[in-house]
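Trainee: work.cif is reproduced in full below (mmCIF, C-alpha atoms and all ligand atoms).
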data_target
#
loop_
_atom_site.label_atom_id
_atom_site.label_comp_id
_atom_site.auth_asym_id
_atom_site.auth_seq_id
_atom_site.Cartn_x
_atom_site.Cartn_y
_atom_site.Cartn_z
CA MET S 42 -18.86 17.91 -1.71
CA THR S 43 -18.92 15.21 0.93
CA ASP S 44 -16.30 13.83 3.26
CA SER S 45 -17.87 10.37 3.33
CA VAL S 46 -16.50 7.35 1.46
CA ALA S 47 -19.93 5.70 1.40
CA GLY S 48 -20.67 4.54 -2.14
CA CYS S 49 -17.08 5.03 -3.31
CA GLY S 50 -15.46 2.40 -5.51
CA VAL S 51 -12.12 1.40 -3.99
CA LEU S 52 -9.31 -0.83 -5.23
CA VAL S 53 -6.93 -2.03 -2.51
CA THR S 54 -3.86 -3.88 -3.76
CA GLY S 55 -2.38 -6.41 -1.36
CA GLY S 56 -5.75 -6.79 0.33
CA SER S 57 -5.35 -10.49 1.13
CA SER S 58 -3.50 -9.89 4.40
CA GLY S 59 -1.99 -7.45 6.87
CA ILE S 60 -2.31 -3.73 6.28
CA GLY S 61 -4.15 -4.01 2.94
CA ARG S 62 -6.78 -6.33 4.38
CA ALA S 63 -7.35 -4.04 7.36
CA ILE S 64 -7.73 -1.02 5.04
CA ALA S 65 -10.17 -2.87 2.76
CA ARG S 66 -12.34 -3.86 5.72
CA SER S 67 -12.18 -0.45 7.34
CA LEU S 68 -13.29 1.36 4.18
CA ALA S 69 -16.03 -1.22 3.58
CA THR S 70 -17.29 -0.61 7.11
CA GLN S 71 -17.67 3.06 6.14
CA GLY S 72 -19.88 2.04 3.19
CA ALA S 73 -17.32 1.90 0.37
CA ASP S 74 -17.46 -0.85 -2.23
CA VAL S 75 -14.03 -2.44 -2.22
CA VAL S 76 -12.13 -4.77 -4.54
CA SER S 77 -9.18 -6.47 -2.88
CA ALA S 78 -6.48 -7.57 -5.33
CA ALA S 79 -3.79 -10.15 -4.51
CA ARG S 80 -2.46 -13.50 -5.68
CA ARG S 81 -4.00 -15.59 -2.91
CA ASP S 82 -7.57 -16.86 -2.85
CA GLN S 83 -9.70 -14.57 -0.69
CA GLU S 84 -13.25 -14.90 0.59
CA ALA S 85 -15.74 -12.15 -0.21
CA ALA S 86 -16.53 -10.32 3.05
CA GLY S 87 -19.46 -7.90 3.05
CA ARG S 88 -18.61 -5.04 0.72
CA VAL S 89 -15.12 -6.42 0.03
CA ARG S 90 -14.85 -8.47 -3.15
CA PRO S 91 -11.75 -10.48 -4.03
CA LEU S 92 -9.76 -10.20 -7.25
CA ARG S 93 -6.95 -12.59 -8.14
CA ALA S 94 -4.03 -10.62 -9.58
CA ASP S 95 -0.26 -10.87 -9.80
CA LEU S 96 0.86 -7.24 -9.60
CA GLY S 97 4.49 -8.19 -10.05
CA ARG S 98 3.81 -9.04 -13.71
CA PRO S 99 4.08 -6.32 -16.37
CA ASP S 100 0.52 -6.84 -17.60
CA GLY S 101 -0.92 -7.69 -14.16
CA CYS S 102 -1.62 -4.15 -13.02
CA GLU S 103 -3.49 -2.85 -16.03
CA ASP S 104 -5.54 -6.02 -16.12
CA ALA S 105 -6.32 -5.83 -12.38
CA VAL S 106 -7.43 -2.20 -12.57
CA ALA S 107 -9.64 -2.92 -15.60
CA ARG S 108 -11.28 -5.88 -13.87
CA ALA S 109 -11.76 -3.89 -10.63
CA VAL S 110 -13.47 -1.09 -12.54
CA GLY S 111 -15.57 -3.73 -14.29
CA VAL S 112 -16.75 -5.02 -10.90
CA LEU S 113 -17.21 -1.62 -9.23
CA GLY S 114 -18.43 0.40 -12.21
CA ARG S 115 -16.22 3.29 -11.05
CA LEU S 116 -12.98 3.99 -9.20
CA ASP S 117 -12.80 6.75 -6.58
CA ILE S 118 -9.90 5.53 -4.43
CA LEU S 119 -6.79 3.48 -5.15
CA VAL S 120 -4.87 2.16 -2.14
CA ALA S 121 -1.55 0.58 -3.19
CA SER S 122 -0.48 -1.68 -0.33
CA ALA S 123 0.91 -4.76 -2.12
CA GLY S 124 4.53 -5.25 -1.19
CA ALA S 125 7.31 -7.67 -0.39
CA MET S 126 10.29 -7.39 1.95
CA LEU S 127 13.10 -9.89 1.35
CA ILE S 128 16.02 -8.92 3.51
CA ASP S 129 19.71 -9.75 3.38
CA ASP S 130 23.06 -8.04 3.10
CA VAL S 131 23.76 -6.79 -0.41
CA VAL S 132 26.76 -9.10 -0.72
CA ASP S 133 24.59 -12.17 0.02
CA ALA S 134 21.30 -11.12 -1.55
CA SER S 135 19.67 -12.92 -4.44
CA SER S 136 19.01 -11.07 -7.63
CA SER S 137 15.58 -12.68 -7.93
CA ASP S 138 14.61 -11.31 -4.49
CA TRP S 139 15.61 -7.85 -5.67
CA GLN S 140 13.56 -8.34 -8.83
CA THR S 141 10.53 -9.35 -6.75
CA MET S 142 10.75 -6.24 -4.58
CA THR S 143 11.28 -3.81 -7.44
CA SER S 144 8.54 -5.39 -9.56
CA VAL S 145 5.90 -5.47 -6.81
CA ASN S 146 6.75 -2.53 -4.54
CA LEU S 147 7.84 0.00 -7.15
CA THR S 148 6.77 -0.97 -10.67
CA GLY S 149 3.60 -2.70 -9.46
CA THR S 150 2.52 0.40 -7.57
CA THR S 151 3.39 2.90 -10.27
CA GLU S 152 1.73 0.79 -12.99
CA CYS S 153 -1.46 0.46 -10.92
CA VAL S 154 -1.49 4.24 -10.50
CA ARG S 155 -0.99 4.80 -14.24
CA ALA S 156 -3.79 2.39 -15.11
CA ALA S 157 -6.12 3.89 -12.49
CA LEU S 158 -5.64 7.55 -13.42
CA PRO S 159 -8.24 7.86 -16.22
CA HIS S 160 -10.88 6.36 -13.93
CA LEU S 161 -9.86 8.53 -10.97
CA LEU S 162 -9.96 11.66 -13.13
CA GLN S 163 -13.51 10.79 -14.11
CA ALA S 164 -14.54 10.10 -10.50
CA ALA S 165 -12.98 13.37 -9.31
CA GLU S 166 -15.49 15.29 -11.44
CA GLY S 167 -18.37 13.65 -9.56
CA PRO S 168 -20.32 14.81 -6.48
CA ARG S 169 -17.62 13.76 -3.98
CA GLY S 170 -15.41 16.44 -5.50
CA CYS S 171 -12.18 14.47 -5.38
CA ALA S 172 -10.51 11.10 -5.91
CA ASP S 173 -7.67 9.55 -3.93
CA ILE S 174 -4.41 7.71 -4.48
CA VAL S 175 -2.95 6.33 -1.26
CA VAL S 176 0.47 4.69 -1.47
CA ILE S 177 1.76 2.60 1.43
CA GLY S 178 5.45 3.39 1.70
CA SER S 179 7.59 2.64 4.74
CA ILE S 180 9.74 4.39 7.31
CA SER S 181 12.53 2.39 5.61
CA GLY S 182 12.20 4.75 2.64
CA ARG S 183 13.56 7.56 4.81
CA ARG S 184 15.57 5.65 7.41
CA PRO S 185 17.13 2.61 5.74
CA THR S 186 18.62 -0.03 8.04
CA PRO S 187 21.09 -2.85 7.26
CA GLY S 188 19.74 -5.74 5.21
CA ARG S 189 16.98 -3.66 3.66
CA ALA S 190 18.92 -1.83 0.95
CA ILE S 191 16.67 -2.69 -1.99
CA TYR S 192 13.46 -2.72 0.07
CA ALA S 193 14.34 0.77 1.31
CA ALA S 194 15.25 1.86 -2.23
CA THR S 195 11.82 0.82 -3.52
CA LYS S 196 10.11 2.75 -0.72
CA ALA S 197 12.33 5.82 -1.25
CA GLY S 198 11.44 5.55 -4.93
CA LEU S 199 7.76 5.64 -4.04
CA ARG S 200 8.32 8.86 -2.08
CA ALA S 201 9.85 10.49 -5.16
CA PHE S 202 7.09 9.14 -7.40
CA VAL S 203 4.35 10.41 -5.11
CA ASP S 204 5.93 13.84 -4.65
CA SER S 205 6.21 14.33 -8.41
CA LEU S 206 2.75 12.93 -9.12
CA ARG S 207 1.13 15.19 -6.54
CA GLN S 208 2.44 18.25 -8.37
CA GLU S 209 1.34 16.89 -11.75
CA LEU S 210 -2.15 16.28 -10.42
CA ALA S 211 -2.51 19.54 -8.50
CA PRO S 212 -4.73 21.06 -11.23
CA THR S 213 -7.05 18.05 -10.98
CA ARG S 214 -9.08 16.97 -7.99
CA ILE S 215 -7.01 13.86 -7.33
CA ARG S 216 -5.33 13.82 -3.93
CA VAL S 217 -2.11 11.84 -3.54
CA SER S 218 -1.10 10.56 -0.10
CA LEU S 219 1.91 8.65 1.14
CA VAL S 220 1.54 6.62 4.33
CA GLU S 221 4.81 5.47 5.90
CA PRO S 222 4.34 2.98 8.72
CA GLY S 223 7.01 1.76 11.06
CA LEU S 224 7.07 -1.78 12.40
CA THR S 225 3.61 -3.32 12.02
CA ALA S 226 2.50 -6.79 13.10
CA THR S 227 1.84 -8.58 9.79
CA GLY S 228 3.21 -11.56 7.89
CA LEU S 229 5.53 -9.36 5.78
CA ARG S 230 8.69 -10.86 7.30
CA ALA S 231 7.48 -14.46 6.98
CA ALA S 232 9.00 -14.81 3.52
CA ASN S 233 12.45 -14.60 5.15
CA SER S 234 14.18 -17.45 6.97
CA PRO S 235 14.18 -17.28 10.80
CA GLU S 236 18.00 -17.24 10.72
CA THR S 237 18.10 -14.21 8.42
CA LEU S 238 15.51 -12.41 10.53
CA ASP S 239 17.44 -13.09 13.74
CA ARG S 240 20.70 -11.92 12.16
CA MET S 241 19.17 -8.69 10.85
CA THR S 242 17.21 -7.90 14.00
CA ALA S 243 20.33 -8.35 16.11
CA ARG S 244 21.97 -5.57 14.08
CA THR S 245 19.01 -3.21 14.11
CA ARG S 246 19.11 -1.79 17.60
CA GLU S 247 15.96 0.27 17.16
CA LEU S 248 13.80 -2.82 16.54
CA HIS S 249 14.63 -4.38 19.90
CA ALA S 250 11.75 -4.23 22.32
CA VAL S 251 9.45 -2.42 19.90
CA THR S 252 5.75 -3.05 20.33
CA PRO S 253 4.55 -2.99 16.72
CA LEU S 254 1.56 -1.18 15.33
CA SER S 255 -1.43 -3.27 14.36
CA PRO S 256 -2.72 -3.27 10.77
CA ASP S 257 -5.86 -1.61 12.15
CA ASP S 258 -3.75 1.33 13.36
CA VAL S 259 -2.65 1.95 9.77
CA ALA S 260 -6.16 1.34 8.40
CA ARG S 261 -7.58 3.93 10.79
CA ALA S 262 -5.17 6.55 9.48
CA VAL S 263 -5.92 5.73 5.83
CA THR S 264 -9.66 5.82 6.45
CA TRP S 265 -9.27 9.19 8.16
CA LEU S 266 -7.25 10.76 5.37
CA VAL S 267 -9.61 9.72 2.54
CA SER S 268 -12.54 10.99 4.62
CA GLN S 269 -11.28 14.59 4.74
CA PRO S 270 -13.21 17.29 2.88
CA ALA S 271 -12.31 17.48 -0.82
CA VAL S 272 -10.40 20.74 -0.36
CA LEU S 273 -8.01 19.14 2.15
CA SER S 274 -5.22 16.87 0.94
CA VAL S 275 -3.20 14.92 3.52
CA SER S 276 0.06 14.60 1.63
CA GLN S 277 1.87 12.24 3.95
CA ILE S 278 1.63 10.51 7.29
CA THR S 279 4.35 8.69 9.22
CA LEU S 280 3.05 6.18 11.76
CA LEU S 281 5.56 4.87 14.26
CA PRO S 282 5.19 2.59 17.24
CA THR S 283 5.89 4.86 20.19
CA SER S 284 8.76 2.61 21.25
CA GLN S 285 10.36 2.74 17.78
CA GLY S 286 11.35 6.37 18.27
CA ALA S 287 11.97 8.96 15.58
N1 LIG Y 301 4.61 -4.78 8.28
C1 LIG Y 301 5.42 -3.72 8.43
O1 LIG Y 301 6.19 -3.59 9.42
C2 LIG Y 301 5.42 -2.63 7.37
C3 LIG Y 301 6.05 -1.42 7.67
C4 LIG Y 301 6.06 -0.42 6.71
C5 LIG Y 301 5.46 -0.63 5.49
N2 LIG Y 301 4.85 -1.82 5.21
C6 LIG Y 301 4.26 -1.98 3.88
O2 LIG Y 301 2.89 -2.32 4.03
C7 LIG Y 301 2.46 -2.97 2.84
C8 LIG Y 301 1.64 -4.19 3.23
O3 LIG Y 301 2.50 -5.14 3.87
P1 LIG Y 301 2.04 -5.95 5.16
O4 LIG Y 301 2.95 -5.55 6.25
O5 LIG Y 301 0.58 -5.84 5.34
O6 LIG Y 301 2.48 -7.43 4.76
P2 LIG Y 301 1.64 -8.65 4.19
O7 LIG Y 301 0.59 -9.06 5.16
O8 LIG Y 301 2.66 -9.66 3.78
O9 LIG Y 301 0.91 -8.04 2.92
C9 LIG Y 301 1.53 -7.95 1.67
C10 LIG Y 301 0.43 -7.97 0.63
O10 LIG Y 301 1.03 -7.78 -0.66
C11 LIG Y 301 0.47 -8.74 -1.55
N3 LIG Y 301 1.38 -9.06 -2.63
C12 LIG Y 301 2.69 -9.39 -2.54
N4 LIG Y 301 3.17 -9.68 -3.77
C13 LIG Y 301 2.13 -9.51 -4.65
C14 LIG Y 301 2.00 -9.68 -6.05
N5 LIG Y 301 3.00 -10.08 -6.84
N6 LIG Y 301 0.78 -9.42 -6.61
C15 LIG Y 301 -0.27 -9.05 -5.83
N7 LIG Y 301 -0.19 -8.88 -4.50
C16 LIG Y 301 1.00 -9.11 -3.91
C17 LIG Y 301 0.20 -9.96 -0.66
O11 LIG Y 301 -0.82 -10.76 -1.23
P3 LIG Y 301 -0.58 -12.21 -1.91
O12 LIG Y 301 0.54 -12.87 -1.16
O13 LIG Y 301 -1.91 -12.88 -1.70
O14 LIG Y 301 -0.29 -11.94 -3.32
C18 LIG Y 301 -0.32 -9.30 0.61
O15 LIG Y 301 -1.70 -9.05 0.50
C19 LIG Y 301 3.71 -3.30 2.04
O16 LIG Y 301 3.82 -2.39 0.98
C20 LIG Y 301 4.82 -3.11 3.05
O17 LIG Y 301 6.03 -2.75 2.44
C21 LIG Y 301 4.80 -2.82 6.14
#
Kindly present the structure from the file in structure tokens form.

Mentor:
Amino acid sequence: MTDSVAGCGVLVTGGSSGIGRAIARSLATQGADVVSAARRDQEAAGRVRPLRADLGRPDGCEDAVARAVGVLGRLDILVASAGAMLIDDVVDASSSDWQTMTSVNLTGTTECVRAALPHLLQAAEGPRGCADIVVIGSISGRRPTPGRAIYAATKAGLRAFVDSLRQELAPTRIRVSLVEPGLTATGLRAANSPETLDRMTARTRELHAVTPLSPDDVARAVTWLVSQPAVLSVSQITLLPTSQGA
């Protein structure tokens, strides 16, 4: 039983930018072979290989997992980081934005997990002694703020999914971890208009004067938790900028 990720096959969803990209690179630096799945074109970088996939489509997840396993030859670790945050008040929000968030954040993640499970079960029987599912949730899943009702609902849904799944998988050697970051400096908000962002930030007192985390801060935590000895499962981590408070 080893606590190294060297030689592991890893699929990171949402690896084209932000937190997912930082996680992919961090794990590759530790010697893992990583497939990074996203819609955008990505350059191969060392041990990180790109995979074009739309994980908001019903068939996109199963297909992406199958192609990742085809590239890697195995799957030891799934990191589900793909996500979208389209904010607005419920009364003004667009139904298609809600559909995007539920299909990528919630259904996309749960379908990737379902498709990955047979491969993870197989890997868990190998010399590493475990396999890992790491889901990137959000502090919004526990502390929803105005304008993020559906985003927060998808992240709260992931908490419930992960808590149930962890119990189902307890007899196996698959560890299930939920990582809930607070404000992190990525392009996640860029899909929203500057006016909407200004309006929402003005109402969210806690986000004033917050120095955000960097994607590398989150990647460091994920790399640490999948590097623990097989007998130790880190069930959840909340990562907050110090200035964001509790
Ligand atoms: N930034 C924060 O403050 C913060 C805080 C808490 C939690 N999070 C969570 O962290 C995760 C990563 O977000 P980020 O902050 O790193 O933002 P980001 O840079 O915008 O990353 C989002 C990633 O999701 C991918 N993605 C979106 N829709 C997709 C689809 N249909 N199919 C495949 N990939 C898709 C994007 O790739 P393509 O566009 O190339 O498809 C991108 O790689 C998300 O789950 C987010 O909810 C972020």

Trainee: Which one is closest to S:Ile60: S:Ile191, S:Val263, S:Val46, S:Val75? Count all atoms listed in the file.

Mentor: S:Val263

Trainee: Give the residue list for ligand LIG 301 (chain Y) at 8 Å, counting all atoms listed in the file, as an MDAnalysis selection string, sorted by chain and then by residue number.

Mentor: chainID S and resid 54:62 78:82 93:98 101 121:126 141 144:146 149 177:181 192 196 221:231 253:254 256

Trainee: Excluding S:Gln285 and any residue of its chain fewer than 2 positions from it, enumerate the residues within 6 Å of it, using only C-alpha atoms, and give them as JSON, numbers by chain.

Mentor: {"S": [251, 282, 283]}

Trainee: Just the selected residues (C-alpha atoms), exported as a JSON list (two decimals), keeping the file's coordinate frame, please.

Mentor:
[["chain", "number", "residue", "atom", "x", "y", "z"],
["S", 251, "VAL", "CA", 9.45, -2.42, 19.90],
["S", 282, "PRO", "CA", 5.19, 2.59, 17.24],
["S", 283, "THR", "CA", 5.89, 4.86, 20.19]]

Trainee: Would you give me, as a tab-separated table, each residue of stretch 183-276 of chain S having an atom within 9 Å of an atom of stretch 131-134 of chain S, along with its shortest atom pair and that distance in Å to one decimal, using only C-alpha atoms and sorting by chain and residue number?

Mentor:
residue	atom	partner	partner_atom	distance
S:Gly188	CA	S:Val131	CA	7.0
S:Arg189	CA	S:Val131	CA	8.5
S:Ala190	CA	S:Val131	CA	7.1
S:Ile191	CA	S:Val131	CA	8.3

Trainee: Can you pull out every residue within 9 Å of S:Ala107, counting only C-alpha atoms, but drop anything in the same chain fewer than 5 positions away, and send it as a PyMOL selection string?

Mentor: chain S and resi 102+112+156-157

Trainee: Could those selected residues go to a file with C-alpha atoms, as a PDB file, keeping the file's coordinate frame?

Mentor:
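Okay, again.pdb is ready:
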ATOM      1  CA  CYS S 102      -1.620  -4.150 -13.020  1.00  0.00           C
ATOM      2  CA  VAL S 112     -16.750  -5.020 -10.900  1.00  0.00           C
ATOM      3  CA  ALA S 156      -3.790   2.390 -15.110  1.00  0.00           C
ATOM      4  CA  ALA S 157      -6.120   3.890 -12.490  1.00  0.00           C
TER       5      ALA S 157
END

Trainee: Just how far from atom CA of S:Ala201 is atom CA of S:Pro187, in Å to one decimal?

Mentor: 21.4 Å

Trainee: Reconstruct stretch 55-79 of chain S at the level of N, CA and C atoms, and format the result as a PDB file, in the coordinates of the input.

Mentor:
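Heads up, here's the output in part.pdb:
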ATOM      1  N   GLY S  55      -2.931  -5.760  -2.559  1.00  0.00           N
ATOM      2  CA  GLY S  55      -2.380  -6.410  -1.360  1.00  0.00           C
ATOM      3  C   GLY S  55      -3.415  -6.522  -0.263  1.00  0.00           C
ATOM      4  N   GLY S  56      -4.665  -6.744  -0.654  1.00  0.00           N
ATOM      5  CA  GLY S  56      -5.750  -6.790   0.330  1.00  0.00           C
ATOM      6  C   GLY S  56      -5.969  -8.161   0.943  1.00  0.00           C
ATOM      7  N   SER S  57      -5.117  -9.137   0.604  1.00  0.00           N
ATOM      8  CA  SER S  57      -5.350 -10.490   1.130  1.00  0.00           C
ATOM      9  C   SER S  57      -4.837 -10.665   2.555  1.00  0.00           C
ATOM     10  N   SER S  58      -4.030  -9.729   3.036  1.00  0.00           N
ATOM     11  CA  SER S  58      -3.500  -9.890   4.400  1.00  0.00           C
ATOM     12  C   SER S  58      -3.011  -8.548   4.944  1.00  0.00           C
ATOM     13  N   GLY S  59      -2.678  -8.568   6.227  1.00  0.00           N
ATOM     14  CA  GLY S  59      -1.990  -7.450   6.870  1.00  0.00           C
ATOM     15  C   GLY S  59      -2.666  -6.101   6.702  1.00  0.00           C
ATOM     16  N   ILE S  60      -1.856  -5.114   6.353  1.00  0.00           N
ATOM     17  CA  ILE S  60      -2.310  -3.730   6.280  1.00  0.00           C
ATOM     18  C   ILE S  60      -3.388  -3.557   5.200  1.00  0.00           C
ATOM     19  N   GLY S  61      -3.171  -4.144   4.034  1.00  0.00           N
ATOM     20  CA  GLY S  61      -4.150  -4.010   2.940  1.00  0.00           C
ATOM     21  C   GLY S  61      -5.504  -4.561   3.325  1.00  0.00           C
ATOM     22  N   ARG S  62      -5.501  -5.726   3.974  1.00  0.00           N
ATOM     23  CA  ARG S  62      -6.780  -6.330   4.380  1.00  0.00           C
ATOM     24  C   ARG S  62      -7.494  -5.444   5.400  1.00  0.00           C
ATOM     25  N   ALA S  63      -6.731  -4.906   6.338  1.00  0.00           N
ATOM     26  CA  ALA S  63      -7.350  -4.040   7.360  1.00  0.00           C
ATOM     27  C   ALA S  63      -7.933  -2.783   6.712  1.00  0.00           C
ATOM     28  N   ILE S  64      -7.222  -2.228   5.727  1.00  0.00           N
ATOM     29  CA  ILE S  64      -7.730  -1.020   5.040  1.00  0.00           C
ATOM     30  C   ILE S  64      -9.002  -1.358   4.265  1.00  0.00           C
ATOM     31  N   ALA S  65      -8.984  -2.478   3.553  1.00  0.00           N
ATOM     32  CA  ALA S  65     -10.170  -2.870   2.760  1.00  0.00           C
ATOM     33  C   ALA S  65     -11.387  -2.985   3.673  1.00  0.00           C
ATOM     34  N   ARG S  66     -11.208  -3.644   4.810  1.00  0.00           N
ATOM     35  CA  ARG S  66     -12.340  -3.860   5.720  1.00  0.00           C
ATOM     36  C   ARG S  66     -12.802  -2.559   6.365  1.00  0.00           C
ATOM     37  N   SER S  67     -11.825  -1.717   6.702  1.00  0.00           N
ATOM     38  CA  SER S  67     -12.180  -0.450   7.340  1.00  0.00           C
ATOM     39  C   SER S  67     -13.002   0.426   6.393  1.00  0.00           C
ATOM     40  N   LEU S  68     -12.564   0.518   5.139  1.00  0.00           N
ATOM     41  CA  LEU S  68     -13.290   1.360   4.180  1.00  0.00           C
ATOM     42  C   LEU S  68     -14.662   0.763   3.876  1.00  0.00           C
ATOM     43  N   ALA S  69     -14.734  -0.572   3.820  1.00  0.00           N
ATOM     44  CA  ALA S  69     -16.030  -1.220   3.580  1.00  0.00           C
ATOM     45  C   ALA S  69     -16.985  -0.938   4.726  1.00  0.00           C
ATOM     46  N   THR S  70     -16.450  -0.907   5.933  1.00  0.00           N
ATOM     47  CA  THR S  70     -17.290  -0.610   7.110  1.00  0.00           C
ATOM     48  C   THR S  70     -17.893   0.787   7.008  1.00  0.00           C
ATOM     49  N   GLN S  71     -17.167   1.686   6.313  1.00  0.00           N
ATOM     50  CA  GLN S  71     -17.670   3.060   6.140  1.00  0.00           C
ATOM     51  C   GLN S  71     -18.599   3.177   4.927  1.00  0.00           C
ATOM     52  N   GLY S  72     -18.910   2.030   4.294  1.00  0.00           N
ATOM     53  CA  GLY S  72     -19.880   2.040   3.190  1.00  0.00           C
ATOM     54  C   GLY S  72     -19.271   2.083   1.809  1.00  0.00           C
ATOM     55  N   ALA S  73     -17.944   1.944   1.706  1.00  0.00           N
ATOM     56  CA  ALA S  73     -17.320   1.900   0.370  1.00  0.00           C
ATOM     57  C   ALA S  73     -17.476   0.496  -0.214  1.00  0.00           C
ATOM     58  N   ASP S  74     -17.483   0.436  -1.528  1.00  0.00           N
ATOM     59  CA  ASP S  74     -17.460  -0.850  -2.230  1.00  0.00           C
ATOM     60  C   ASP S  74     -16.017  -1.115  -2.624  1.00  0.00           C
ATOM     61  N   VAL S  75     -15.466  -2.215  -2.135  1.00  0.00           N
ATOM     62  CA  VAL S  75     -14.030  -2.440  -2.220  1.00  0.00           C
ATOM     63  C   VAL S  75     -13.713  -3.697  -3.018  1.00  0.00           C
ATOM     64  N   VAL S  76     -12.718  -3.589  -3.901  1.00  0.00           N
ATOM     65  CA  VAL S  76     -12.130  -4.770  -4.540  1.00  0.00           C
ATOM     66  C   VAL S  76     -10.732  -4.936  -3.966  1.00  0.00           C
ATOM     67  N   SER S  77     -10.464  -6.153  -3.507  1.00  0.00           N
ATOM     68  CA  SER S  77      -9.180  -6.470  -2.880  1.00  0.00           C
ATOM     69  C   SER S  77      -8.377  -7.364  -3.820  1.00  0.00           C
ATOM     70  N   ALA S  78      -7.261  -6.839  -4.318  1.00  0.00           N
ATOM     71  CA  ALA S  78      -6.480  -7.570  -5.330  1.00  0.00           C
ATOM     72  C   ALA S  78      -5.223  -8.169  -4.716  1.00  0.00           C
ATOM     73  N   ALA S  79      -4.997  -9.451  -4.982  1.00  0.00           N
ATOM     74  CA  ALA S  79      -3.790 -10.150  -4.510  1.00  0.00           C
ATOM     75  C   ALA S  79      -3.725 -11.497  -5.219  1.00  0.00           C
TER      76      ALA S  79
END
